[in-house]
Amino acid sequence: MADTHRIQFDPVNIEMEVGEDEKILDAAFRQGIHLMHGCREGQCSACKSYVLEGEIQMERYSTFACNDAEVEEGYVLLCRAHAFSDCTIELLNFDEDELLNGVEIQNVTTRIAAIKPVTRDIVSLRLQAVDPPTYEFKPGQYADLMIPGSDDHRSFSMATTQSTPGEVEFLIKKYPGGRFSALLDDGLAVDDEILLTGPYGSFTIKEGHVLPMVCIGGGAGMAPILSLLRHMTETGNTRAVRFYYGARTAADLFYLDEITELGKQLNGFEFVACLSESMDAAPEAAGVTVEQGNVTDVVERREAEIHRSEVYLCGPPPMVDAALALLDASNVPHDQVFYDKFTSPATE
């Protein structure tokens, strides 16, 4: 049995235990401590922290998330870090309201209720919770779905809310040769079982915040934003929302009718479809604005006061990177930007 050590988190004065064989972030989840995180794969730096005292070693990680000079100085990525002594760690990013109020990680056996293409390369996957019969999460979060027949998983955002606690929808982009997404065409069927673990992520609406919201999405990044919009209508949230969605052509747009209906119940809502390749057959639906260009270019043109908003990002990593660069250049405070950047490799 692996040795166990104590972790003290500063400046929040929280303690926990961690085994040498588990990552510090996983140990926190196990004990109901909701530390800031994103990809959980050492790629995004959301969980970067500073070791004040103790011995920590990291598994493989990206030097873009934590470079060699930072590691030498004492910075670590908690999603890749193992403790080999009692440690004191300074949290660089944290939400005091979330730290001890996050939803507990659950392992849920689910049954496939439906598999439905919504575009040429995005599929709606609906899962019914079986054991336990419900799955608790906050709108905007994501889960790990196990690849049947393997010990590997892929991460996908929930598109639904707690209004359907026994059923959850995922919007999944198909990649050629993808280990999970390829099964949606051949390998998975209604009534098959899939193990779900979650929820993860900090892409959630913060209670008590009042700034207007600007949502920027692309591809399967529609899912968590749709979850937020559905939740806001269900709870009567009065914050103003503008939603920019990037796609290549009109054929890559979906759920426009539902977005329009949700928008009727939201304050100051505007949905802007940003088409990067072709304006042919652009939708003319009421409540939908269509503009030519990459989604970040359209946002830059239309959102001169974006620094006065909270910004929610979800989409392909290049889109998220471009949006973060735009927000930085626009002087948007970092604590007004929310995103979960997990990778979607071609081997998915």
# chains A, B, ... in the order shown; residues from 1 in each chain; ligands from 1
>>> closest_atom_pairs(of="segment 14-132 of chain A", to="segment 191-205 of chain A", cutoff="8 Å", atoms="only C-alpha atoms", output="CSV")
residue,atom,partner,partner_atom,distance
A:Met36,CA,A:Ser202,CA,6.8
A:His37,CA,A:Gly201,CA,6.2
A:Gly38,CA,A:Gly201,CA,5.8
A:Val103,CA,A:Pro199,CA,7.0
A:Glu104,CA,A:Pro199,CA,7.5
A:Ile105,CA,A:Gly198,CA,5.0
A:Gln106,CA,A:Gly198,CA,5.4
A:Asn107,CA,A:Thr197,CA,4.6
A:Val108,CA,A:Leu196,CA,5.1
A:Thr109,CA,A:Leu195,CA,4.7
A:Thr110,CA,A:Ile194,CA,5.3
A:Arg111,CA,A:Glu193,CA,4.5
A:Ile112,CA,A:Asp191,CA,4.9
A:Ala113,CA,A:Asp191,CA,6.3
>>> write_last_selection(atoms="C-alpha atoms", output="PDB file, in the first residue's frame")
ATOM      1  CA  MET A  36      -9.304  24.873 -10.350  1.00  0.00           C
ATOM      2  CA  HIS A  37      -8.597  22.617 -13.337  1.00  0.00           C
ATOM      3  CA  GLY A  38      -9.116  22.285 -17.061  1.00  0.00           C
ATOM      4  CA  VAL A 103     -20.240  18.462  -7.021  1.00  0.00           C
ATOM      5  CA  GLU A 104     -18.768  15.148  -5.879  1.00  0.00           C
ATOM      6  CA  ILE A 105     -17.149  13.025  -8.599  1.00  0.00           C
ATOM      7  CA  GLN A 106     -19.446  10.120  -9.506  1.00  0.00           C
ATOM      8  CA  ASN A 107     -18.988   6.845 -11.369  1.00  0.00           C
ATOM      9  CA  VAL A 108     -22.207   6.179 -13.247  1.00  0.00           C
ATOM     10  CA  THR A 109     -23.168   3.208 -15.400  1.00  0.00           C
ATOM     11  CA  THR A 110     -25.272   4.557 -18.264  1.00  0.00           C
ATOM     12  CA  ARG A 111     -27.272   3.121 -21.135  1.00  0.00           C
ATOM     13  CA  ILE A 112     -27.322   4.686 -24.585  1.00  0.00           C
ATOM     14  CA  ALA A 113     -30.794   6.156 -25.132  1.00  0.00           C
TER      15      ALA A 113
END
>>> select_by_dssp(residues="segment 201-270 of chain A", states="strand (DSSP E or B)", output="list in words")
Met213, Val214, Cys215, Ile216, Gly217, Gly218, Ala240, Val241, Arg242, Phe243, Tyr244, Tyr245, Gly246, Ala247, Asn267, Gly268, Phe269 and Glu270 of chain A
>>> residues_around(residues="Thr63 of chain A", least_positions_apart="3", cutoff="12 Å", atoms="only C-alpha atoms", output="ChimeraX atom specification")
/A:42-45,48,58-60,66-71,75-77
>>> write_last_selection(atoms="all heavy atoms", output="compact mmCIF listing (two decimals), in the first residue's frame")
# COMPACT_ATOMS: atom_id res chain seq x y z
N GLY A 42 -2.16 17.91 -18.06
CA GLY A 42 -0.90 18.64 -18.09
C GLY A 42 -0.70 19.50 -19.32
O GLY A 42 0.43 19.77 -19.72
N GLN A 43 -1.80 19.98 -19.89
CA GLN A 43 -1.73 20.73 -21.13
C GLN A 43 -2.13 22.20 -21.00
O GLN A 43 -1.73 23.02 -21.81
CB GLN A 43 -2.64 20.08 -22.19
CG GLN A 43 -2.34 18.62 -22.47
CD GLN A 43 -1.07 18.42 -23.24
OE1 GLN A 43 -0.71 19.23 -24.08
NE2 GLN A 43 -0.38 17.32 -22.97
N CYS A 44 -2.93 22.56 -19.98
CA CYS A 44 -3.58 23.87 -20.02
C CYS A 44 -3.15 24.86 -18.94
O CYS A 44 -3.45 26.04 -19.06
CB CYS A 44 -5.10 23.69 -19.96
SG CYS A 44 -5.73 23.28 -18.31
N SER A 45 -2.51 24.42 -17.88
CA SER A 45 -2.00 25.26 -16.80
C SER A 45 -3.05 25.78 -15.82
O SER A 45 -2.73 26.54 -14.92
CB SER A 45 -1.17 26.44 -17.33
OG SER A 45 -1.99 27.50 -17.78
N LYS A 48 -2.06 25.08 -12.26
CA LYS A 48 -0.69 25.41 -11.87
C LYS A 48 -0.66 26.03 -10.48
O LYS A 48 -1.45 26.92 -10.16
CB LYS A 48 -0.07 26.38 -12.87
CG LYS A 48 1.41 26.68 -12.61
CD LYS A 48 1.95 27.74 -13.55
CE LYS A 48 2.02 27.24 -14.97
NZ LYS A 48 2.62 28.26 -15.87
N MET A 58 6.39 15.17 -10.95
CA MET A 58 5.31 15.22 -11.94
C MET A 58 5.47 14.14 -13.00
O MET A 58 6.59 13.83 -13.43
CB MET A 58 5.26 16.60 -12.61
CG MET A 58 4.65 17.68 -11.77
SD MET A 58 4.20 19.15 -12.75
CE MET A 58 5.82 19.83 -13.10
N GLU A 59 4.32 13.60 -13.42
CA GLU A 59 4.28 12.76 -14.61
C GLU A 59 4.45 13.65 -15.85
O GLU A 59 4.54 14.87 -15.75
CB GLU A 59 2.95 12.02 -14.69
CG GLU A 59 2.71 11.03 -13.56
CD GLU A 59 1.39 10.29 -13.72
OE1 GLU A 59 0.75 10.44 -14.80
OE2 GLU A 59 1.00 9.57 -12.79
N ARG A 60 4.47 13.04 -17.02
CA ARG A 60 4.67 13.76 -18.28
C ARG A 60 3.66 14.90 -18.42
O ARG A 60 2.48 14.74 -18.15
CB ARG A 60 4.52 12.78 -19.45
CG ARG A 60 4.78 13.41 -20.82
CD ARG A 60 4.77 12.31 -21.88
NE ARG A 60 3.51 11.58 -21.86
CZ ARG A 60 2.43 11.92 -22.52
NH1 ARG A 60 2.43 13.02 -23.25
NH2 ARG A 60 1.33 11.19 -22.47
N CYS A 66 3.78 24.45 -18.25
CA CYS A 66 4.68 24.71 -17.13
C CYS A 66 6.10 24.50 -17.66
O CYS A 66 6.52 23.36 -17.85
CB CYS A 66 4.38 23.78 -15.96
SG CYS A 66 5.15 24.25 -14.39
N ASN A 67 6.82 25.58 -17.92
CA ASN A 67 8.12 25.44 -18.57
C ASN A 67 9.21 25.05 -17.56
O ASN A 67 9.00 25.04 -16.34
CB ASN A 67 8.50 26.72 -19.33
CG ASN A 67 8.64 27.94 -18.43
OD1 ASN A 67 9.26 27.87 -17.38
ND2 ASN A 67 8.06 29.07 -18.86
N ASP A 68 10.38 24.72 -18.10
CA ASP A 68 11.46 24.20 -17.26
C ASP A 68 11.89 25.19 -16.18
O ASP A 68 12.17 24.79 -15.04
CB ASP A 68 12.67 23.84 -18.14
CG ASP A 68 12.38 22.66 -19.06
OD1 ASP A 68 11.43 21.91 -18.77
OD2 ASP A 68 13.11 22.49 -20.07
N ALA A 69 11.92 26.46 -16.52
CA ALA A 69 12.32 27.48 -15.53
C ALA A 69 11.32 27.54 -14.39
O ALA A 69 11.70 27.69 -13.22
CB ALA A 69 12.46 28.84 -16.21
N GLU A 70 10.04 27.41 -14.71
CA GLU A 70 9.01 27.43 -13.68
C GLU A 70 9.12 26.21 -12.77
O GLU A 70 8.97 26.31 -11.55
CB GLU A 70 7.62 27.49 -14.32
CG GLU A 70 7.29 28.82 -14.99
CD GLU A 70 5.94 28.80 -15.68
OE1 GLU A 70 5.65 27.82 -16.39
OE2 GLU A 70 5.19 29.78 -15.51
N VAL A 71 9.39 25.05 -13.37
CA VAL A 71 9.54 23.83 -12.58
C VAL A 71 10.72 23.96 -11.62
O VAL A 71 10.64 23.60 -10.43
CB VAL A 71 9.70 22.61 -13.50
CG1 VAL A 71 10.03 21.35 -12.67
CG2 VAL A 71 8.44 22.38 -14.31
N TYR A 75 7.10 25.60 -9.39
CA TYR A 75 5.72 25.50 -9.89
C TYR A 75 5.41 24.06 -10.31
O TYR A 75 6.29 23.33 -10.81
CB TYR A 75 5.51 26.43 -11.08
CG TYR A 75 5.53 27.90 -10.70
CD1 TYR A 75 6.72 28.63 -10.75
CD2 TYR A 75 4.37 28.54 -10.28
CE1 TYR A 75 6.74 29.97 -10.39
CE2 TYR A 75 4.39 29.88 -9.91
CZ TYR A 75 5.58 30.59 -9.98
OH TYR A 75 5.60 31.90 -9.61
N VAL A 76 4.17 23.64 -10.11
CA VAL A 76 3.74 22.30 -10.50
C VAL A 76 2.34 22.37 -11.09
O VAL A 76 1.59 23.32 -10.86
CB VAL A 76 3.71 21.32 -9.30
CG1 VAL A 76 5.12 21.08 -8.76
CG2 VAL A 76 2.77 21.82 -8.21
N LEU A 77 2.00 21.34 -11.84
CA LEU A 77 0.64 21.14 -12.33
C LEU A 77 0.02 20.05 -11.46
O LEU A 77 0.49 18.90 -11.47
CB LEU A 77 0.65 20.73 -13.80
CG LEU A 77 1.34 21.69 -14.76
CD1 LEU A 77 1.43 21.08 -16.17
CD2 LEU A 77 0.62 23.03 -14.81
>>> residues_around(residues="segment 166-176 of chain A", least_positions_apart="3", cutoff="10 Å", atoms="only C-alpha atoms", output="ChimeraX atom specification")
/A:110-130,132-136,142-143,155-163,179-185,219-224,227,344-348
>>> closest_residue(among="A:Asp328, A:Glu98, A:Glu270, A:Asp86", to="Gly32 of chain A", atoms="only C-alpha atoms")
A:Glu98
>>> closest_residue(among="A:Ile216, A:Leu266, A:Val51, A:Met279", to="Cys314 of chain A", atoms="only C-alpha atoms")
A:Ile216
>>> closest_residue(among="A:Leu326, A:Ile7, A:Val214, A:Leu188", to="Ala27 of chain A", atoms="only C-alpha atoms")
A:Ile7
